[in-house]
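Peer 1: I am attaching a structure below and will ask some questions about it afterwards.
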2 protein chains.
Amino acid sequence: MQIPREKWSHNFGEWFDKVIFEAEIYDYGRYPVKGMGVWMPYGFKIREKALSLIRNLLNGTGHEEVLFPMLIPEDLLQKETEHIEGFENEVFWVTKGGLQQLDVKLALRPTSEVAITYMESLWIKSYRQLPKKYYQIVSIFRYETKSTRPLIRVREVSTFKEAHTIHETYEDADNQVKEAISIYKKFFDELGIPYIISERPSWDRFAGALHTYAFDTIMPDGRVLQIGTVHHLGQHFTKAFDYKIQKADGNLDYPHQTSYGISDRVIAVLVSINGDDHGPILTPLVAPIQVVVIPIPAKNENDTTKIMSYAKEITQILNENNISVYLDEEKDKTPGEKFYYWELKGVPLRIELGMRETNGGSVTIKRRDDLTSKVVIKEKMVDEVKGLLNEVRRSVRDRAWIFFNQKVKFSTDPDSAKKSLEEGGIVEVPWCGEDSCGLKVEEITGGKVLGYPIESKEINESCIVCKKPAKTTLRIAKTY
Amino acid sequence: MQIPREKWSHNFGEWFDKVIFEAEIYDYGRYPVKGMGVWMPYGFKIREKALSLIRNLLNGTGHEEVLFPMLIPEDLLQKETEHIEGFENEVFWVTKGGLQQLDVKLALRPTSEVAITYMESLWIKSYRQLPKKYYQIVSIFRYETKSTRPLIRVREVSTFKEAHTIHETYEDADNQVKEAISIYKKFFDELGIPYIISERPSWDRFAGALHTYAFDTIMPDGRVLQIGTVHHLGQHFTKAFDYKIQKADGNLDYPHQTSYGISDRVIAVLVSINGDDHGPILTPLVAPIQVVVIPIPAKNENDTTKIMSYAKEITQILNENNISVYLDEEKDKTPGEKFYYWELKGVPLRIELGMRETNGGSVTIKRRDDLTSKVVIKEKMVDEVKGLLNEVRRSVRDRAWIFFNQKVKFSTDPDSAKKSLEEGGIVEVPWCGEDSCGLKVEEITGGKVLGYPIESKEINESCIVCKKPAKTTLRIAKTY
């Protein structure tokens, strides 16, 4: 069957805003503060499922969850100059408490490096206590001046998972960076979200980081979205706080840190990456409802009663088998209206039950991803549903990766790079490794530099700018 | 065995601050914003367990979790006059974004009635959609001018579970109040926290409520702490927003609302209510570690190795039986130091393993609550541990209720009421039901009125103030 994907792929912006709103995920643009939205119950459940996955991955690797205050005093934020300079134009400031002017302005946290480093300096005095890995899931605030976009560019990022780790040596922190990358890989792999990992160029690092590594994905419209970052902070913050620990060799020295984060954007991608003109297709892993049961009323009341009671039986069987199922009993809607509604919600499977199924002791199962149906007898239903949920999960992941891989291209000259950029996706170009050439790439192609591969591959090409032998590739894209 | 409870009962303030800090629950007073503290990993886990209990209770009764923005614009907050008047002296205001002055001041939410009512007016248009029950778990902010206290009186309440419901009729909302009270009863009963439920007097209602019902408990020092409130909001907020819905009878009318909340204070009580001079005694339901295994090294290395390997075996058995267990292998601490540490953490059971246990295939189990020990053979350990965890849970709950009940007294004259107040706890006095007499009770006794029982009981006494026949009792106390 042909899947209708016109709006999804050619009018993605409109599709996205509509789906986020109509599927009751996130109410945006109506709350009376610009750039801030409301997580509605259905969206909240998707969010919880994604968060529970990342929590398990972090807890399983020795990370400890904490919760810091939302406010950071100005003088604390100013401790690390480079850091505050990176943020000062986009910080919300609390200046009044009740009717009083505050002595020290308080920032709504834009991120928590300084707050965490400050408390670490009180908590951790010796290498014996290291490594320590903390994380928290909180709101962060940025006074964005660019145009905002639900879940993608907002002023309150209300799902910010930030991890902060501290280590005795540079190498320990470097290994932590590797662990963080491997955790995020697992996270995105489980969710079926394709990504490419780049080290960001020097001019695009996180304020205060020695190295920034980023996970980028490609949205249906071909624009690239950053969905996770990992920073090696070195001793930047510990030096700014003059915070030393006792090392194994007896000396005192500044410990090394890393930090890494993911945000609301994960949900934006989960909703977008697999979709069609009917709405999103949720991977069963995060779908609040995996199977919706829709009874199709018969012409006479007696038969309808039989169908309803059969639908209840079917629902109960699925429920007892730990499948999250919902029976749509509403009387004021036609089956067609219900199909429309639950497709818009992205529910992976729907079971249709009419007189034929009721009499035959069967169920008709329809897949959300490819819109195909099959009829199975009741006794085989649970196995079939479980199998289909796995298949949908695999199939949406594969489809997303195919889409992604098609959109990563290689260009050796500016004109073809420019052309590829226009088509959307990521373009890799050969690069000599010099910052000056990297910046020029942005100029001559009009794309934004994402960065370069972590492991440099040998390539027999010349730098797209200076024509000297290329050392690696540089990835460019039109970004969100 | 005599349990040392001198400091706990006679120097509670100091005991509490020390325990909160040293047991690594909540770091308070060191974070550089007054009245704001940091949830440390151990405290965070206790908090999570309590929250998971309330989430289950709410989800099981049709409540849906949502997440609203942290900021409320001034004009929205002003919609309900009585409400803003109740809060305006204690609101933190954001006035700057980046380097710009904001056009409209934004409040850090002190509570969310106005924000929720506003969104409800967009979401819910008909009685068919009712009832709706939302809740969120968020930070709220109050610029407290009273002296602050960790988890008890803070400027950022970082665990605020607020529920908001909306109904077609006054009676529906009234029934929701009853459901809320029954949910909170279950919650506190499970946690083993004693409480008394009073309707707050007219002069102490939540700003904008028709009725406020409160759960109060008694802390070890005899002072009373409010730990939960339930409000019947009537049409106060919906009228302020001129928000009407279609009713079943076809007319348009303002819907009715309730709201109810619990906070960080629940954790403060969980940590305090059962304790001794060694620290808190956590109920096994919220204890991040239920059993700690402490190997007692032998004099020679060979035996110590045997003990360590036995300790690992014991830990594994408990772990496989879903008991949350921790093996303290640290080499730099003596067993005595470990006992001290884990008692301070409130771990309900500890297993000591020395040469005697290792050779005998037994374990010595010590209860944190009554400090008694018993030796059991390995084969019976799992059953014994499970039984003891249940017993500890029952025993700390019973003990807390006995303490609580002893501290609720009845007085018919001001002098004895005053004397009882000095001894701590709650004093019930006969009352005619008139506000003027209620206010006078505060004057003549120096206590604060908590309120009166929900179900008025008949009492054959005269009002403690006017001497007219009493209609009910008024409860007074020294409060936090």
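Residue numbering restarts at 1 in every chain; chains get A, B, ... in the order shown in the structure tokens, and ligands count up from 1 in that same order.
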Taking only C-alpha atoms into account and nothing else, which residues of chain B lie no more than 7 Å away from chain A? Please answer as a CSV table (one decimal) with C-alpha atoms, in the first residue's frame.

Peer 2:
chain,number,residue,atom,x,y,z
B,33,VAL,CA,20.9,31.2,47.5
B,36,MET,CA,17.4,26.7,48.5
B,37,GLY,CA,19.0,23.4,48.9
B,38,VAL,CA,20.4,20.5,46.9
B,39,TRP,CA,18.9,17.0,46.8
B,40,MET,CA,21.8,14.6,47.2
B,41,PRO,CA,21.7,11.1,45.7
B,44,PHE,CA,16.8,11.9,46.0
B,64,GLU,CA,-3.2,12.6,34.5
B,65,GLU,CA,0.3,14.0,34.9
B,66,VAL,CA,1.1,17.2,33.0
B,67,LEU,CA,3.9,19.7,33.1
B,68,PHE,CA,3.3,23.5,32.9
B,69,PRO,CA,5.8,26.3,32.3
B,73,PRO,CA,3.0,36.4,33.6
B,88,GLU,CA,2.2,39.1,46.1
B,89,ASN,CA,4.5,39.6,49.0
B,90,GLU,CA,6.2,36.4,48.4
B,91,VAL,CA,6.6,36.1,44.6
B,92,PHE,CA,10.0,36.0,42.9
B,93,TRP,CA,9.8,38.2,39.7
B,94,VAL,CA,11.8,37.8,36.5
B,95,THR,CA,12.1,41.2,35.0
B,96,LYS,CA,15.0,40.8,32.6
B,97,GLY,CA,15.7,38.5,29.6
B,98,GLY,CA,19.3,38.8,28.5
B,99,LEU,CA,20.1,42.5,28.6
B,143,TYR,CA,10.1,34.6,48.9

Peer 1: Taking 2 positions as the minimum chain separation for residues in the same chain, which residues sit within 9 Å of Glu461 in chain A when counting only C-alpha atoms? Answer as a list in words.

Peer 2: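 In the requested form, the answer reads Thr412, Pro430, Trp431, Ile459, Cys463, Ile464, Lys467, Lys468, Pro469, Ala470 and Lys471 of chain A.
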
Peer 1: Could you please write out, as a ChimeraX atom specification, every residue of range 61-265 of chain B that DSSP assigns to strand (DSSP E or B)?

Peer 2: /B:64-65,67,71-73,92-97,100-108,126,132-141,149,153,156-167,196-199,211-218,224-234,245-246,252-253,256-262

Peer 1: Do you know which residues are at most 10 Å from Asp276 in chain A counting only C-alpha atoms, after dropping those on the same chain fewer than 2 positions away, and could you put them as a VMD selection string?

Peer 2: chain A and resid 3 to 9 15 272 to 274 278 to 281 343 to 344 346 368 to 370

Peer 1: Tell me which of B:Ile296, B:Ile289, B:Ile365, B:Leu58 sits closest to Tyr326 in chain B, counting only C-alpha atoms.

Peer 2: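 Comparing B:Ile296, B:Ile289, B:Ile365, B:Leu58 against Tyr326 in chain B, the winner is B:Ile289.
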
Peer 1: Which residues come within 10 Å of Pro295 in chain B, counting only C-alpha atoms, excluding same-chain residues fewer than 3 positions away, as a VMD selection string?

Peer 2: chain B and resid 292 298 304 307 to 312 327 to 330 334 to 335 338 351 to 355 357 to 358

Peer 1: Could you name the residues that touch range 199-207 of chain A at 7 Å or less, counting only C-alpha atoms, but leaving out those on the same chain fewer than 3 positions away, as a list of chain:residue names?

Peer 2: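 Near neighbours after the sequence-gap exclusion: A:Glu82, A:His83, A:Gly86, A:His211, A:Thr212, A:Tyr213, A:Ala214, A:Leu450, A:Gly451, A:Tyr452, A:Pro453, A:Ile454.
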
Peer 1: Those same residues - N, CA, C and O atoms - I'd like them written as a compact mmCIF listing (two decimals), in the first residue's frame.

Peer 2:
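Okay, again_24.txt is ready:
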# COMPACT_ATOMS: atom_id res chain seq x y z
N GLU A 82 34.43 32.76 30.40
CA GLU A 82 34.08 32.30 29.07
C GLU A 82 32.64 31.79 29.05
O GLU A 82 31.89 32.00 28.12
N HIS A 83 32.30 31.11 30.15
CA HIS A 83 30.99 30.51 30.29
C HIS A 83 29.89 31.56 30.32
O HIS A 83 28.94 31.50 29.56
N GLY A 86 29.29 33.18 27.12
CA GLY A 86 28.52 32.35 26.20
C GLY A 86 27.02 32.43 26.45
O GLY A 86 26.22 32.12 25.59
N HIS A 211 36.50 20.12 24.39
CA HIS A 211 35.96 19.39 23.24
C HIS A 211 34.46 19.28 23.39
O HIS A 211 33.98 19.02 24.50
N THR A 212 33.77 19.44 22.28
CA THR A 212 32.32 19.20 22.29
C THR A 212 32.01 18.20 21.18
O THR A 212 32.40 18.40 20.03
N TYR A 213 31.33 17.11 21.57
CA TYR A 213 30.91 16.10 20.60
C TYR A 213 29.39 16.16 20.53
O TYR A 213 28.73 16.29 21.57
N ALA A 214 28.87 16.08 19.32
CA ALA A 214 27.43 16.24 19.20
C ALA A 214 26.80 15.12 18.39
O ALA A 214 27.41 14.59 17.47
N LEU A 450 28.93 21.31 11.09
CA LEU A 450 28.57 20.48 12.24
C LEU A 450 29.82 20.01 12.97
O LEU A 450 29.82 19.84 14.19
N GLY A 451 30.88 19.77 12.19
CA GLY A 451 32.11 19.27 12.80
C GLY A 451 32.70 18.17 11.96
O GLY A 451 32.38 18.03 10.78
N TYR A 452 33.56 17.38 12.60
CA TYR A 452 34.28 16.34 11.87
C TYR A 452 34.16 15.03 12.63
O TYR A 452 33.86 15.02 13.83
N PRO A 453 34.40 13.91 11.94
CA PRO A 453 34.27 12.60 12.59
C PRO A 453 35.24 12.49 13.76
O PRO A 453 36.32 13.07 13.74
N ILE A 454 34.85 11.74 14.81
CA ILE A 454 35.72 11.54 15.96
C ILE A 454 36.97 10.77 15.55
O ILE A 454 38.08 11.12 15.92

Peer 1: Residues of range 250-363 of chain B classed as helix (DSSP H, G or I) by DSSP on the backbone are to be reported as a PDB file with N, CA, C and O atoms, in the first residue's frame.

Peer 2:
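Generated file (out.pdb):
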ATOM      1  N   ARG B 265       7.975  18.530  52.499  1.00  0.00           N
ATOM      2  CA  ARG B 265       7.780  18.284  53.930  1.00  0.00           C
ATOM      3  C   ARG B 265       7.539  16.814  54.235  1.00  0.00           C
ATOM      4  O   ARG B 265       7.863  16.346  55.322  1.00  0.00           O
ATOM      5  N   VAL B 266       6.946  16.101  53.271  1.00  0.00           N
ATOM      6  CA  VAL B 266       6.735  14.669  53.477  1.00  0.00           C
ATOM      7  C   VAL B 266       8.079  13.986  53.753  1.00  0.00           C
ATOM      8  O   VAL B 266       8.175  13.113  54.616  1.00  0.00           O
ATOM      9  N   ILE B 267       9.119  14.400  53.038  1.00  0.00           N
ATOM     10  CA  ILE B 267      10.430  13.788  53.245  1.00  0.00           C
ATOM     11  C   ILE B 267      10.997  14.217  54.599  1.00  0.00           C
ATOM     12  O   ILE B 267      11.586  13.412  55.330  1.00  0.00           O
ATOM     13  N   ALA B 268      10.782  15.476  54.936  1.00  0.00           N
ATOM     14  CA  ALA B 268      11.232  15.950  56.257  1.00  0.00           C
ATOM     15  C   ALA B 268      10.615  15.087  57.352  1.00  0.00           C
ATOM     16  O   ALA B 268      11.290  14.699  58.313  1.00  0.00           O
ATOM     17  N   VAL B 269       9.345  14.758  57.196  1.00  0.00           N
ATOM     18  CA  VAL B 269       8.657  13.965  58.215  1.00  0.00           C
ATOM     19  C   VAL B 269       9.142  12.518  58.195  1.00  0.00           C
ATOM     20  O   VAL B 269       9.400  11.919  59.250  1.00  0.00           O
ATOM     21  N   LEU B 270       9.315  11.952  57.002  1.00  0.00           N
ATOM     22  CA  LEU B 270       9.791  10.566  56.897  1.00  0.00           C
ATOM     23  C   LEU B 270      11.128  10.390  57.611  1.00  0.00           C
ATOM     24  O   LEU B 270      11.408   9.348  58.192  1.00  0.00           O
ATOM     25  N   VAL B 271      11.934  11.417  57.541  1.00  0.00           N
ATOM     26  CA  VAL B 271      13.267  11.344  58.138  1.00  0.00           C
ATOM     27  C   VAL B 271      13.197  11.579  59.645  1.00  0.00           C
ATOM     28  O   VAL B 271      14.007  11.049  60.398  1.00  0.00           O
ATOM     29  N   SER B 272      12.208  12.348  60.092  1.00  0.00           N
ATOM     30  CA  SER B 272      12.177  12.780  61.491  1.00  0.00           C
ATOM     31  C   SER B 272      11.356  11.899  62.404  1.00  0.00           C
ATOM     32  O   SER B 272      11.687  11.710  63.572  1.00  0.00           O
ATOM     33  N   GLU B 301      44.522 -12.789  57.365  1.00  0.00           N
ATOM     34  CA  GLU B 301      44.041 -12.457  56.034  1.00  0.00           C
ATOM     35  C   GLU B 301      43.220 -13.578  55.419  1.00  0.00           C
ATOM     36  O   GLU B 301      42.249 -13.340  54.717  1.00  0.00           O
ATOM     37  N   ASN B 302      43.645 -14.793  55.680  1.00  0.00           N
ATOM     38  CA  ASN B 302      42.981 -15.962  55.125  1.00  0.00           C
ATOM     39  C   ASN B 302      41.510 -16.024  55.556  1.00  0.00           C
ATOM     40  O   ASN B 302      40.615 -16.198  54.739  1.00  0.00           O
ATOM     41  N   ASP B 303      41.304 -15.849  56.854  1.00  0.00           N
ATOM     42  CA  ASP B 303      39.930 -15.848  57.374  1.00  0.00           C
ATOM     43  C   ASP B 303      39.135 -14.672  56.822  1.00  0.00           C
ATOM     44  O   ASP B 303      37.963 -14.803  56.472  1.00  0.00           O
ATOM     45  N   THR B 304      39.791 -13.521  56.735  1.00  0.00           N
ATOM     46  CA  THR B 304      39.105 -12.335  56.211  1.00  0.00           C
ATOM     47  C   THR B 304      38.636 -12.584  54.784  1.00  0.00           C
ATOM     48  O   THR B 304      37.512 -12.203  54.414  1.00  0.00           O
ATOM     49  N   THR B 305      39.465 -13.240  54.000  1.00  0.00           N
ATOM     50  CA  THR B 305      39.061 -13.570  52.622  1.00  0.00           C
ATOM     51  C   THR B 305      37.817 -14.452  52.627  1.00  0.00           C
ATOM     52  O   THR B 305      36.891 -14.242  51.830  1.00  0.00           O
ATOM     53  N   LYS B 306      37.800 -15.422  53.537  1.00  0.00           N
ATOM     54  CA  LYS B 306      36.623 -16.298  53.644  1.00  0.00           C
ATOM     55  C   LYS B 306      35.376 -15.494  53.989  1.00  0.00           C
ATOM     56  O   LYS B 306      34.295 -15.698  53.424  1.00  0.00           O
ATOM     57  N   ILE B 307      35.531 -14.588  54.944  1.00  0.00           N
ATOM     58  CA  ILE B 307      34.392 -13.760  55.369  1.00  0.00           C
ATOM     59  C   ILE B 307      33.885 -12.909  54.207  1.00  0.00           C
ATOM     60  O   ILE B 307      32.679 -12.822  53.955  1.00  0.00           O
ATOM     61  N   MET B 308      34.824 -12.315  53.474  1.00  0.00           N
ATOM     62  CA  MET B 308      34.434 -11.462  52.352  1.00  0.00           C
ATOM     63  C   MET B 308      33.661 -12.254  51.297  1.00  0.00           C
ATOM     64  O   MET B 308      32.670 -11.764  50.734  1.00  0.00           O
ATOM     65  N   SER B 309      34.130 -13.464  51.069  1.00  0.00           N
ATOM     66  CA  SER B 309      33.458 -14.227  50.026  1.00  0.00           C
ATOM     67  C   SER B 309      32.072 -14.687  50.519  1.00  0.00           C
ATOM     68  O   SER B 309      31.105 -14.723  49.749  1.00  0.00           O
ATOM     69  N   TYR B 310      31.976 -14.966  51.810  1.00  0.00           N
ATOM     70  CA  TYR B 310      30.668 -15.295  52.391  1.00  0.00           C
ATOM     71  C   TYR B 310      29.725 -14.079  52.305  1.00  0.00           C
ATOM     72  O   TYR B 310      28.544 -14.199  51.953  1.00  0.00           O
ATOM     73  N   ALA B 311      30.281 -12.906  52.575  1.00  0.00           N
ATOM     74  CA  ALA B 311      29.472 -11.674  52.520  1.00  0.00           C
ATOM     75  C   ALA B 311      28.927 -11.453  51.112  1.00  0.00           C
ATOM     76  O   ALA B 311      27.775 -11.024  50.926  1.00  0.00           O
ATOM     77  N   LYS B 312      29.749 -11.747  50.125  1.00  0.00           N
ATOM     78  CA  LYS B 312      29.291 -11.590  48.737  1.00  0.00           C
ATOM     79  C   LYS B 312      28.154 -12.562  48.427  1.00  0.00           C
ATOM     80  O   LYS B 312      27.184 -12.206  47.749  1.00  0.00           O
ATOM     81  N   GLU B 313      28.308 -13.780  48.938  1.00  0.00           N
ATOM     82  CA  GLU B 313      27.269 -14.781  48.711  1.00  0.00           C
ATOM     83  C   GLU B 313      25.934 -14.319  49.326  1.00  0.00           C
ATOM     84  O   GLU B 313      24.879 -14.392  48.700  1.00  0.00           O
ATOM     85  N   ILE B 314      26.036 -13.866  50.577  1.00  0.00           N
ATOM     86  CA  ILE B 314      24.831 -13.395  51.291  1.00  0.00           C
ATOM     87  C   ILE B 314      24.172 -12.236  50.543  1.00  0.00           C
ATOM     88  O   ILE B 314      22.951 -12.196  50.349  1.00  0.00           O
ATOM     89  N   THR B 315      24.995 -11.296  50.094  1.00  0.00           N
ATOM     90  CA  THR B 315      24.476 -10.134  49.370  1.00  0.00           C
ATOM     91  C   THR B 315      23.757 -10.566  48.104  1.00  0.00           C
ATOM     92  O   THR B 315      22.662 -10.087  47.787  1.00  0.00           O
ATOM     93  N   GLN B 316      24.374 -11.507  47.414  1.00  0.00           N
ATOM     94  CA  GLN B 316      23.778 -11.972  46.160  1.00  0.00           C
ATOM     95  C   GLN B 316      22.417 -12.648  46.390  1.00  0.00           C
ATOM     96  O   GLN B 316      21.467 -12.420  45.651  1.00  0.00           O
ATOM     97  N   ILE B 317      22.354 -13.452  47.444  1.00  0.00           N
ATOM     98  CA  ILE B 317      21.085 -14.132  47.744  1.00  0.00           C
ATOM     99  C   ILE B 317      19.976 -13.106  47.998  1.00  0.00           C
ATOM    100  O   ILE B 317      18.878 -13.206  47.458  1.00  0.00           O
ATOM    101  N   LEU B 318      20.295 -12.095  48.793  1.00  0.00           N
ATOM    102  CA  LEU B 318      19.279 -11.082  49.104  1.00  0.00           C
ATOM    103  C   LEU B 318      18.873 -10.330  47.844  1.00  0.00           C
ATOM    104  O   LEU B 318      17.695 -10.089  47.585  1.00  0.00           O
ATOM    105  N   ASN B 319      19.874  -9.986  47.071  1.00  0.00           N
ATOM    106  CA  ASN B 319      19.647  -9.263  45.827  1.00  0.00           C
ATOM    107  C   ASN B 319      18.721 -10.041  44.888  1.00  0.00           C
ATOM    108  O   ASN B 319      17.793  -9.484  44.309  1.00  0.00           O
ATOM    109  N   GLU B 320      18.987 -11.338  44.788  1.00  0.00           N
ATOM    110  CA  GLU B 320      18.165 -12.173  43.904  1.00  0.00           C
ATOM    111  C   GLU B 320      16.724 -12.283  44.418  1.00  0.00           C
ATOM    112  O   GLU B 320      15.822 -12.659  43.678  1.00  0.00           O
ATOM    113  N   PRO B 335      34.550  -1.682  61.417  1.00  0.00           N
ATOM    114  CA  PRO B 335      33.122  -2.036  61.512  1.00  0.00           C
ATOM    115  C   PRO B 335      32.351  -1.005  62.330  1.00  0.00           C
ATOM    116  O   PRO B 335      31.240  -0.615  61.960  1.00  0.00           O
ATOM    117  N   GLY B 336      32.935  -0.522  63.417  1.00  0.00           N
ATOM    118  CA  GLY B 336      32.253   0.469  64.256  1.00  0.00           C
ATOM    119  C   GLY B 336      31.900   1.726  63.468  1.00  0.00           C
ATOM    120  O   GLY B 336      30.804   2.262  63.580  1.00  0.00           O
ATOM    121  N   GLU B 337      32.846   2.169  62.663  1.00  0.00           N
ATOM    122  CA  GLU B 337      32.581   3.353  61.842  1.00  0.00           C
ATOM    123  C   GLU B 337      31.455   3.084  60.841  1.00  0.00           C
ATOM    124  O   GLU B 337      30.625   3.938  60.570  1.00  0.00           O
ATOM    125  N   LYS B 338      31.459   1.861  60.324  1.00  0.00           N
ATOM    126  CA  LYS B 338      30.394   1.512  59.370  1.00  0.00           C
ATOM    127  C   LYS B 338      29.026   1.455  60.057  1.00  0.00           C
ATOM    128  O   LYS B 338      28.018   1.902  59.501  1.00  0.00           O
ATOM    129  N   PHE B 339      28.999   0.889  61.271  1.00  0.00           N
ATOM    130  CA  PHE B 339      27.730   0.847  62.009  1.00  0.00           C
ATOM    131  C   PHE B 339      27.185   2.264  62.177  1.00  0.00           C
ATOM    132  O   PHE B 339      26.015   2.544  61.913  1.00  0.00           O
ATOM    133  N   TYR B 340      28.072   3.154  62.601  1.00  0.00           N
ATOM    134  CA  TYR B 340      27.699   4.539  62.840  1.00  0.00           C
ATOM    135  C   TYR B 340      27.125   5.154  61.565  1.00  0.00           C
ATOM    136  O   TYR B 340      26.061   5.775  61.569  1.00  0.00           O
ATOM    137  N   TYR B 341      27.854   4.942  60.460  1.00  0.00           N
ATOM    138  CA  TYR B 341      27.472   5.535  59.181  1.00  0.00           C
ATOM    139  C   TYR B 341      26.096   5.060  58.715  1.00  0.00           C
ATOM    140  O   TYR B 341      25.239   5.849  58.327  1.00  0.00           O
ATOM    141  N   TRP B 342      25.877   3.753  58.763  1.00  0.00           N
ATOM    142  CA  TRP B 342      24.625   3.215  58.232  1.00  0.00           C
ATOM    143  C   TRP B 342      23.442   3.420  59.161  1.00  0.00           C
ATOM    144  O   TRP B 342      22.289   3.464  58.725  1.00  0.00           O
ATOM    145  N   GLU B 343      23.736   3.556  60.457  1.00  0.00           N
ATOM    146  CA  GLU B 343      22.651   3.940  61.377  1.00  0.00           C
ATOM    147  C   GLU B 343      22.220   5.371  61.079  1.00  0.00           C
ATOM    148  O   GLU B 343      21.030   5.694  61.067  1.00  0.00           O
ATOM    149  N   LEU B 344      23.180   6.227  60.803  1.00  0.00           N
ATOM    150  CA  LEU B 344      22.906   7.610  60.453  1.00  0.00           C
ATOM    151  C   LEU B 344      22.097   7.715  59.162  1.00  0.00           C
ATOM    152  O   LEU B 344      21.333   8.657  58.948  1.00  0.00           O
ATOM    153  N   MET B 355      33.710 -14.244  61.600  1.00  0.00           N
ATOM    154  CA  MET B 355      34.182 -15.622  61.462  1.00  0.00           C
ATOM    155  C   MET B 355      33.136 -16.608  61.967  1.00  0.00           C
ATOM    156  O   MET B 355      32.911 -17.667  61.374  1.00  0.00           O
ATOM    157  N   ARG B 356      32.477 -16.220  63.084  1.00  0.00           N
ATOM    158  CA  ARG B 356      31.475 -17.100  63.663  1.00  0.00           C
ATOM    159  C   ARG B 356      30.369 -17.389  62.653  1.00  0.00           C
ATOM    160  O   ARG B 356      30.011 -18.540  62.415  1.00  0.00           O
ATOM    161  N   GLU B 357      29.846 -16.329  62.023  1.00  0.00           N
ATOM    162  CA  GLU B 357      28.776 -16.504  61.033  1.00  0.00           C
ATOM    163  C   GLU B 357      29.270 -17.288  59.817  1.00  0.00           C
ATOM    164  O   GLU B 357      28.576 -18.161  59.300  1.00  0.00           O
ATOM    165  N   THR B 358      30.475 -16.956  59.367  1.00  0.00           N
ATOM    166  CA  THR B 358      31.000 -17.607  58.164  1.00  0.00           C
ATOM    167  C   THR B 358      31.160 -19.111  58.400  1.00  0.00           C
ATOM    168  O   THR B 358      30.765 -19.938  57.568  1.00  0.00           O
ATOM    169  N   ASN B 359      31.722 -19.461  59.539  1.00  0.00           N
ATOM    170  CA  ASN B 359      31.901 -20.885  59.845  1.00  0.00           C
ATOM    171  C   ASN B 359      30.563 -21.577  60.095  1.00  0.00           C
ATOM    172  O   ASN B 359      30.369 -22.727  59.709  1.00  0.00           O
ATOM    173  N   GLY B 360      29.663 -20.859  60.724  1.00  0.00           N
ATOM    174  CA  GLY B 360      28.397 -21.481  61.101  1.00  0.00           C
ATOM    175  C   GLY B 360      27.339 -21.422  60.013  1.00  0.00           C
ATOM    176  O   GLY B 360      26.238 -21.926  60.198  1.00  0.00           O
TER     177      GLY B 360
END

Peer 1: Restricting the calculation to only C-alpha atoms: of B:Thr473, B:Asn59, B:Asn251, B:Gln406, which residue gets closest to Cys437 in chain B?

Peer 2: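 Using only C-alpha atoms, Cys437 in chain B sits closest to B:Thr473.
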
Peer 1: Please report the interatomic distance between CA of Asn390 in chain B and CA of Pro284 in chain B in Å with one decimal.

Peer 2: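 If I compute the distance from CA of Asn390 in chain B to CA of Pro284 in chain B, I get 7.8 Å.
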
Peer 1: To one decimal place, how far is CA of Thr169 in chain A from CA of Lys132 in chain A in Å?

Peer 2: 12.6 Å
